[in-house]
Amino acid sequence: MRRLRQLADRTPATRERYADLLRALAITMVVLGHWGVTVIGYDRAGRPTGHSALGDLPWAWPLTWVAQVMPVFFLVGGYANAASLAARRQRAGTATGWLVDRSARLVRPTTALLVVLAAGAAVATLRGADPTQVRTVVWFATIPLWFLVAYLVVVPLTPPLYALHRRFGLAVPVVLAGLVALGDLGRIWGPAGLATGNYLFGWLAVHQLGFAWYDTRAQERAGAGPRGLRRRRLPLSRTAGTAMLTGGLVALILLTVVGPYPVAMLNVPGERLDNLAPPSLALLAVATAQLGLIVLLREPAGRWLRRPGPWQAVIAVNAVVLTVFLWHLTAAVLLVGLLDALGALPTPPVGSAAWWGWRIPWLLALAMVLAALVAVFGPIEARTRRPPATGPAREGARRLRTTLAVLGYAGLVAGLLLNSLTPKTAPEPLGLPAPALVAYLAGAGLLRLLRSGWGSRG
């Protein structure tokens with residue numbers, strides 16, 4: 001508590017505390033959403049299995065318009081990336097140095113998860129477990145990693161795309177939204193491959209709005225800027241918030257209730273389209289409505305966050321927020337395994353009184369397991385430090401560092417993407433595909449080498 005008070009007291013007056021609150025809320029809602037809709041049962045072989053309850057609860061599909069908060073995370077990520085990149089450049093740092101530094105908070109807790117899962121899977125395999133079942137368990141535990149694939153692509157694109165934002169402003173996300181619409185036409189009428197780019201364009205569009213939010217706050221603190229800067233601003237008035245909320249909801253209803261898009265913003269088996277994979281125009285409508293709500297709540301939330309208690313709570317959550325996200329499904333796997341071993345695993349039908357009654361003890365038990373995991377692995381994330389300062393490097397060394405940083409990120413993305421694409425029933429003795437683990441660890445090791453001060457500080 002003393003450290004939290006110290007961190008709260010040292011918070012700069014210019015910090016956008018609301019962004020930190022939104023990040024903490026977004027991850028909390030993801031965790032509770034995954035846990036809340038989980039249905040546990042047994043397969044034909046008598047082994048525990050799980051799936052989403054959304055397919056059996058169509059009345060709950062509109063609730064996903066609020067529960068689907070990945071756009072909020074990318075919005076906040078855009079704000080945070082722009083703020084940290086601008087601060088780095090004010091200290092005469094380079095984009096490469098920023099990129100290497102930015103990787104640490106993402107890579108350290110992710111590496112811990114993968115290494116622990118691979119080690120546990122190896123032990124289980126050596127003790128005679130079926131590699132197919134080992135892979136299935138690890139597959140469930142690593143579902144959160146699909147999100148990091150997209151985010152680890154967006155982060156290294158921040159320097160050039162922020163430069164693009166500073167030149168063209170809000171025209172950039174508009175163009176990206178148009179590309180998403182074009183991809184959706186391919187999904188509906190063909191060719192389906194036209195939508196592949198939506199995996200990038202959709203998240204980049206929301207990420208760019210985070211840039212605009214940062215520029216708006218920076219200009220507010222510095223005073224009114226030239227008229228040419230207005231195209232980079234995100235309108236934060238109540239009128240603008242109401243317009244975004246209303247317009248987003250109207251567009252969403254037209255696209256889903258009238259149009260061809262599913263109402264649910266999470267995957268529902270049997271639906272023609274998936275609004276999330278890849279991001280669809282309907283998901284961008286949700287993002288617009290959510291942005292309007294965020295703008296409307298900004299001032300009262302800002303006043304609330306000036307109080308010591310709420311702000312300290314936000315700091316505490318954000319110190320381990322990625323750890324919470326990465327391990328929350330591992331907590332579910334562990335709890336299900338424990339209850340199954342004890343012969344005490346409830347499997348009531350979806351929507352029954354027993355199923356609803358089981359939600360509260362289920363969530364509480366999961367929270368206890370996750371709290372234990374965070375206590376063990378949270379310090380890995382919370383103790384991330386800035387890289388040591390080193391002397392300037394020659395031009396050739398700077399180019400080499402940039403190339404190696406890009407290769408490091410490429411290794412991370414390749415490893416996580418290969419794991420996500422590998423079927424959950426593949427016979428993998430390590431639970432993860434060996435090439436995926438090698439690619440990821442090679443990328444993480446390369447970035448760690450650069451972060452240690454090899455060559456120069458950016």
# chains A, B, ... in the order shown; residues from 1 in each chain; ligands from 1

$ select_by_dssp --residues "range 51-224 of chain A" --states "alpha helix (DSSP H)" --output "VMD selection string"
chain A and resid 64 to 67 70 to 90 95 to 126 131 to 141 145 to 168 171 to 189 198 to 222

$ closest_atom_pairs --of "range 329-428 of chain A" --to "range 15-32 of chain A" --cutoff "12 Å" --atoms "only C-alpha atoms" --output "tab-separated table"
residue	atom	partner	partner_atom	distance
A:Leu329	CA	A:Val31	CA	8.2
A:Thr330	CA	A:Val31	CA	11.3
A:Ala331	CA	A:Val31	CA	10.6
A:Ala332	CA	A:Val31	CA	10.4
A:Arg359	CA	A:Leu32	CA	10.6
A:Ile360	CA	A:Leu32	CA	11.1
A:Trp362	CA	A:Leu32	CA	10.8
A:Leu363	CA	A:Leu32	CA	7.7
A:Leu364	CA	A:Leu32	CA	10.5
A:Leu366	CA	A:Leu32	CA	9.7
A:Ala367	CA	A:Leu32	CA	9.4
A:Leu370	CA	A:Val31	CA	10.2

$ write_last_selection --atoms "C-alpha atoms" --output "CSV table (one decimal), in the first residue's frame"
chain,number,residue,atom,x,y,z
A,329,LEU,CA,-7.9,-19.1,-18.9
A,330,THR,CA,-5.1,-21.1,-17.3
A,331,ALA,CA,-6.9,-20.4,-14.0
A,332,ALA,CA,-10.0,-21.9,-15.6
A,359,ARG,CA,-22.1,-18.6,-12.0
A,360,ILE,CA,-21.3,-16.8,-8.7
A,362,TRP,CA,-17.6,-20.3,-10.3
A,363,LEU,CA,-16.4,-16.7,-10.7
A,364,LEU,CA,-15.3,-16.5,-7.1
A,366,LEU,CA,-11.7,-18.6,-10.5
A,367,ALA,CA,-10.8,-15.3,-9.0
A,370,LEU,CA,-6.1,-16.3,-10.7

$ closest_atom_pairs --of "range 204-297 of chain A" --to "range 61-76 of chain A" --cutoff "7 Å" --atoms "only C-alpha atoms" --output "JSON lines"
{"residue": "A:Val206", "atom": "CA", "partner": "A:Leu75", "partner_atom": "CA", "distance": 5.5}
{"residue": "A:His207", "atom": "CA", "partner": "A:Leu75", "partner_atom": "CA", "distance": 5.0}
{"residue": "A:Leu209", "atom": "CA", "partner": "A:Leu75", "partner_atom": "CA", "distance": 6.2}
{"residue": "A:Gly210", "atom": "CA", "partner": "A:Leu75", "partner_atom": "CA", "distance": 4.6}
{"residue": "A:Val263", "atom": "CA", "partner": "A:Trp61", "partner_atom": "CA", "distance": 6.0}
{"residue": "A:Ala264", "atom": "CA", "partner": "A:Trp61", "partner_atom": "CA", "distance": 4.5}
{"residue": "A:Met265", "atom": "CA", "partner": "A:Thr64", "partner_atom": "CA", "distance": 5.5}
{"residue": "A:Leu266", "atom": "CA", "partner": "A:Thr64", "partner_atom": "CA", "distance": 6.8}
{"residue": "A:Val286", "atom": "CA", "partner": "A:Trp65", "partner_atom": "CA", "distance": 6.2}
{"residue": "A:Ala287", "atom": "CA", "partner": "A:Pro71", "partner_atom": "CA", "distance": 5.6}

$ closest_residue --among "A:Leu106, A:Gly55, A:Arg47, A:Thr11" --to "Val350 in chain A" --atoms "only C-alpha atoms"
A:Gly55

$ closest_residue --among "A:Ala92, A:Leu148, A:Leu281, A:Leu117" --to "Leu432 in chain A" --atoms "only C-alpha atoms"
A:Leu117

$ residues_around --residues "Phe377 in chain A" --least-positions-apart "3" --cutoff "12 Å" --atoms "only C-alpha atoms" --output "ChimeraX atom specification"
/A:108-113,115-116,319-327,370-374,380-383

$ residues_around --residues "Thr94 in chain A" --least-positions-apart "2" --cutoff "12 Å" --atoms "only C-alpha atoms" --output "list in words"
Ser84, Leu85, Ala86, Ala87, Arg88, Arg89, Gln90, Arg91, Ala92, Thr96, Gly97, Trp98, Leu99, Val100, Asp101, Pro159, Pro392, Ala393, Arg398, Arg399, Arg401, Thr402, Ser456, Arg457 and Gly458 of chain A

$ atom_distance --atom1 "CA of Val107 in chain A" --atom2 "CA of Ala316 in chain A"
19.8 Å

$ residues_around --residues "range 244-258 of chain A" --least-positions-apart "2" --cutoff "10 Å" --atoms "only C-alpha atoms" --output "PyMOL selection string"
chain A and resi 62+65+235+238-242+260-264+281-296
